[in-house]
Amino acid sequence: MTFGAWLVANAGEGGSNERLRKFASDRGSEWPYGSGAPVDYLKVIATHAEPTERKELLDIAGKALERWEEDRALAGAKSKWSVLSGPALLAGFGFIIAAILAWGIFQGRLLADIAKPELARGLITFLFAFSTIAIFILVAIATFWMDKDEVKERFASAKDLITILIGVLGTILGFYFGAADDPYTRSTLLTANVTTTSPQVRAGDKTSVTGIVLGGVGPYDLNVAFTSAMGGGGLNPIDVKGFAGGRFAHEVAIASEFQPSLVGYRVTVRDANGTLTSADGAISVVAR
């Protein structure tokens with residue numbers, strides 16, 4: 001803002017400024033409104049002011065120029081902070097998100113977990129809700145650093161964005177948490193395709209019990225119990241707590257001293273609601 005524009009904006013703050021403003025108005029063609037050089041304004045006063053008021057107007061102009069310089073320096077510092085703070089905050093937020101994603105991909109099970117619909121919908125809901133609330137807080141806090149002349153216009157634009165976000169957030173929350181008929185809570189718990197990788201196993205070898213857990217409410221507890229008509233080394237039961245659901249495969253080691261026999265097994269699954277389901281199978285153990 002030039003000194004000429006600043007003088008017009010601050011003319012009502014005191015009688016001295018009002019006198020200088022009136023002088024500038026009376027000499028509109030000579031007054032350099034667009035100049036940022038203080039000497040241009042002082043030159044007009046020295047040239048066109050009446051001798052009886054010249055000294056007084058120069059004193060008023062000198063004090064006004066000092067105030068203008070102070071306001072301009074303050075505005076410059078504020079503008080510099082505004083320019084730098086936005087990219088810095090955005091870069092910091094981006095770094096945090098990148099670090100979380102890198103940890104989840106290379107150290108955790110992020111990719112495997114978000115492939116499951118029940119986990120992916122929770123992640124999407126959390127991220128959108130977190131981002132929406134963060135924008136609300138940002139808009140509220142930013143009003144304290146805005147120029148008072150810009151608050152009304154910027155806040156009006158922010159309200160449009162907030163209205164859209166509230167609408168989308170309400171739709172997500174209503175669909176995922178307000179639906180009475182949730183397929184994830186009403187589906188029947190089922191254990192399907194239970195079998196072994198090798199139906200006939202030699203004593204001392206290994207096989208795997210495989211299958212798929214569908215429906216119900218996770219996480220699940222899975223148990224595989226074995227029964228044999230003959231004695232021998234025995235097969236240890238398999239217990240898995242907190243199974244996320246879907247396909248499973250658990251290795252079974254047959255002891256070398258195990259007697260040839262038909263070994264039955266039962267896979268029992270309990271979901272988070274306490275619902276049970278089971279499936280049976282058999283492994284034929286032959287001599288080495």
# chains A, B, ... in the order shown; residues from 1 in each chain; ligands from 1
$ closest_atom_pairs --of "range 138-255 of chain A" --to "range 90-113 of chain A" --cutoff "12 Å" --atoms "only C-alpha atoms" --output "Markdown table"
| residue | atom | partner | partner_atom | distance |
| --- | --- | --- | --- | --- |
| A:Phe243 | CA | A:Asp113 | CA | 11.9 |
| A:Ala244 | CA | A:Asp113 | CA | 8.8 |
| A:Gly245 | CA | A:Asp113 | CA | 10.8 |
| A:Gly246 | CA | A:Asp113 | CA | 11.5 |
$ residues_around --residues "Ser256 in chain A" --least-positions-apart "4" --cutoff "12 Å" --atoms "only C-alpha atoms" --output "ChimeraX atom specification"
/A:201-206,232-235,260,285-288
$ residues_around --residues "Gly218 in chain A" --least-positions-apart "2" --cutoff "12 Å" --atoms "only C-alpha atoms" --output "JSON, numbers by chain"
{"A": [116, 117, 118, 119, 184, 185, 187, 189, 213, 214, 215, 216, 220, 221, 222, 241, 242, 243, 244, 245, 246, 269, 270, 271, 272, 273, 274, 275]}
$ residues_around --residues "Leu169 in chain A" --least-positions-apart "4" --cutoff "10 Å" --atoms "only C-alpha atoms" --output "VMD selection string"
chain A and resid 125 128 to 129 132 163 to 165 173 to 175
$ write_last_selection --atoms "C-alpha atoms" --output "PDB file, in the first residue's frame"
ATOM      1  CA  THR A 125     -14.151 -43.190   7.401  1.00  0.00           C
ATOM      2  CA  PHE A 128     -12.175 -38.413   5.970  1.00  0.00           C
ATOM      3  CA  ALA A 129     -13.540 -37.587   9.426  1.00  0.00           C
ATOM      4  CA  THR A 132     -12.844 -32.737   7.849  1.00  0.00           C
ATOM      5  CA  THR A 163     -20.986 -27.369   3.807  1.00  0.00           C
ATOM      6  CA  ILE A 164     -19.798 -29.850   1.169  1.00  0.00           C
ATOM      7  CA  LEU A 165     -17.574 -31.700   3.665  1.00  0.00           C
ATOM      8  CA  LEU A 173     -21.329 -41.995   8.745  1.00  0.00           C
ATOM      9  CA  GLY A 174     -24.979 -42.659   7.982  1.00  0.00           C
ATOM     10  CA  PHE A 175     -24.200 -45.431   5.510  1.00  0.00           C
TER      11      PHE A 175
END
$ atom_distance --atom1 "CA of Ala5 in chain A" --atom2 "CA of Tyr33 in chain A"
6.4 Å
$ closest_residue --among "A:Gln259, A:Ser228, A:Thr143, A:Ser131" --to "Val168 in chain A" --atoms "only C-alpha atoms"
A:Ser131
$ atom_distance --atom1 "CA of Glu50 in chain A" --atom2 "CA of Arg27 in chain A"
12.2 Å
$ select_by_dssp --residues "range 89-256 of chain A" --states "helix (DSSP H, G or I)" --output "PyMOL selection string"
chain A and resi 89-106+110-114+117-142+151-177+183-186
$ write_last_selection --atoms "C-alpha atoms" --output "compact mmCIF listing (two decimals), in the first residue's frame"
# COMPACT_ATOMS: atom_id res chain seq x y z
CA LEU A 89 2.58 -26.84 7.43
CA LEU A 90 1.56 -28.66 4.24
CA ALA A 91 5.04 -30.18 3.87
CA GLY A 92 5.03 -31.26 7.53
CA PHE A 93 1.62 -32.88 7.20
CA GLY A 94 2.68 -34.61 3.98
CA PHE A 95 5.83 -35.95 5.66
CA ILE A 96 3.80 -37.41 8.52
CA ILE A 97 1.37 -39.13 6.13
CA ALA A 98 4.28 -40.45 4.01
CA ALA A 99 6.02 -41.83 7.12
CA ILE A 100 2.85 -43.60 8.28
CA LEU A 101 2.28 -45.12 4.83
CA ALA A 102 5.91 -46.24 4.55
CA TRP A 103 5.77 -47.89 7.96
CA GLY A 104 2.47 -49.59 7.15
CA ILE A 105 3.68 -50.89 3.79
CA PHE A 106 7.20 -52.04 4.69
CA LEU A 110 -1.27 -52.22 5.81
CA LEU A 111 -1.70 -53.49 2.26
CA ALA A 112 -3.00 -56.87 3.44
CA ASP A 113 -5.37 -55.29 5.97
CA ILE A 114 -6.94 -52.65 3.72
CA PRO A 117 -13.67 -54.44 3.08
CA GLU A 118 -14.50 -54.25 6.79
CA LEU A 119 -11.08 -52.72 7.56
CA ALA A 120 -10.89 -50.52 4.46
CA ARG A 121 -14.23 -48.84 5.20
CA GLY A 122 -13.10 -48.04 8.74
CA LEU A 123 -9.84 -46.54 7.46
CA ILE A 124 -11.61 -44.43 4.84
CA THR A 125 -14.15 -43.19 7.40
CA PHE A 126 -11.42 -42.30 9.90
CA LEU A 127 -9.26 -40.43 7.36
CA PHE A 128 -12.18 -38.41 5.97
CA ALA A 129 -13.54 -37.59 9.43
CA PHE A 130 -10.06 -36.58 10.65
CA SER A 131 -9.43 -34.41 7.58
CA THR A 132 -12.84 -32.74 7.85
CA ILE A 133 -12.38 -31.87 11.52
CA ALA A 134 -8.85 -30.59 10.79
CA ILE A 135 -10.24 -28.25 8.11
CA PHE A 136 -12.90 -26.99 10.55
CA ILE A 137 -10.20 -26.17 13.11
CA LEU A 138 -7.94 -24.60 10.46
CA VAL A 139 -10.72 -22.30 9.25
CA ALA A 140 -11.56 -21.24 12.82
CA ILE A 141 -7.93 -20.53 13.76
CA ALA A 142 -7.04 -18.83 10.45
CA VAL A 151 -12.26 -12.11 6.77
CA LYS A 152 -15.80 -11.80 5.42
CA GLU A 153 -14.94 -12.80 1.85
CA ARG A 154 -12.65 -15.69 2.79
CA PHE A 155 -14.94 -17.04 5.47
CA ALA A 156 -17.84 -17.02 2.99
CA SER A 157 -15.79 -19.20 0.63
CA ALA A 158 -14.74 -21.47 3.52
CA LYS A 159 -18.40 -21.97 4.48
CA ASP A 160 -19.13 -23.41 1.05
CA LEU A 161 -16.31 -25.93 1.45
CA ILE A 162 -17.41 -26.82 4.99
CA THR A 163 -20.99 -27.37 3.81
CA ILE A 164 -19.80 -29.85 1.17
CA LEU A 165 -17.57 -31.70 3.67
CA ILE A 166 -20.38 -31.97 6.22
CA GLY A 167 -22.67 -33.42 3.56
CA VAL A 168 -20.15 -36.05 2.47
CA LEU A 169 -19.18 -36.91 6.06
CA GLY A 170 -22.82 -37.29 7.05
CA THR A 171 -23.41 -39.63 4.12
CA ILE A 172 -20.43 -41.81 5.05
CA LEU A 173 -21.33 -42.00 8.74
CA GLY A 174 -24.98 -42.66 7.98
CA PHE A 175 -24.20 -45.43 5.51
CA TYR A 176 -21.63 -47.24 7.62
CA PHE A 177 -22.92 -46.68 11.16
CA PRO A 183 -24.52 -57.16 5.78
CA TYR A 184 -21.43 -57.53 7.96
CA THR A 185 -23.51 -58.19 11.09
CA ARG A 186 -26.39 -60.21 9.62
$ closest_residue --among "A:Asn193, A:Thr2, A:Thr52, A:Ser25" --to "Gly281 in chain A" --atoms "only C-alpha atoms"
A:Asn193
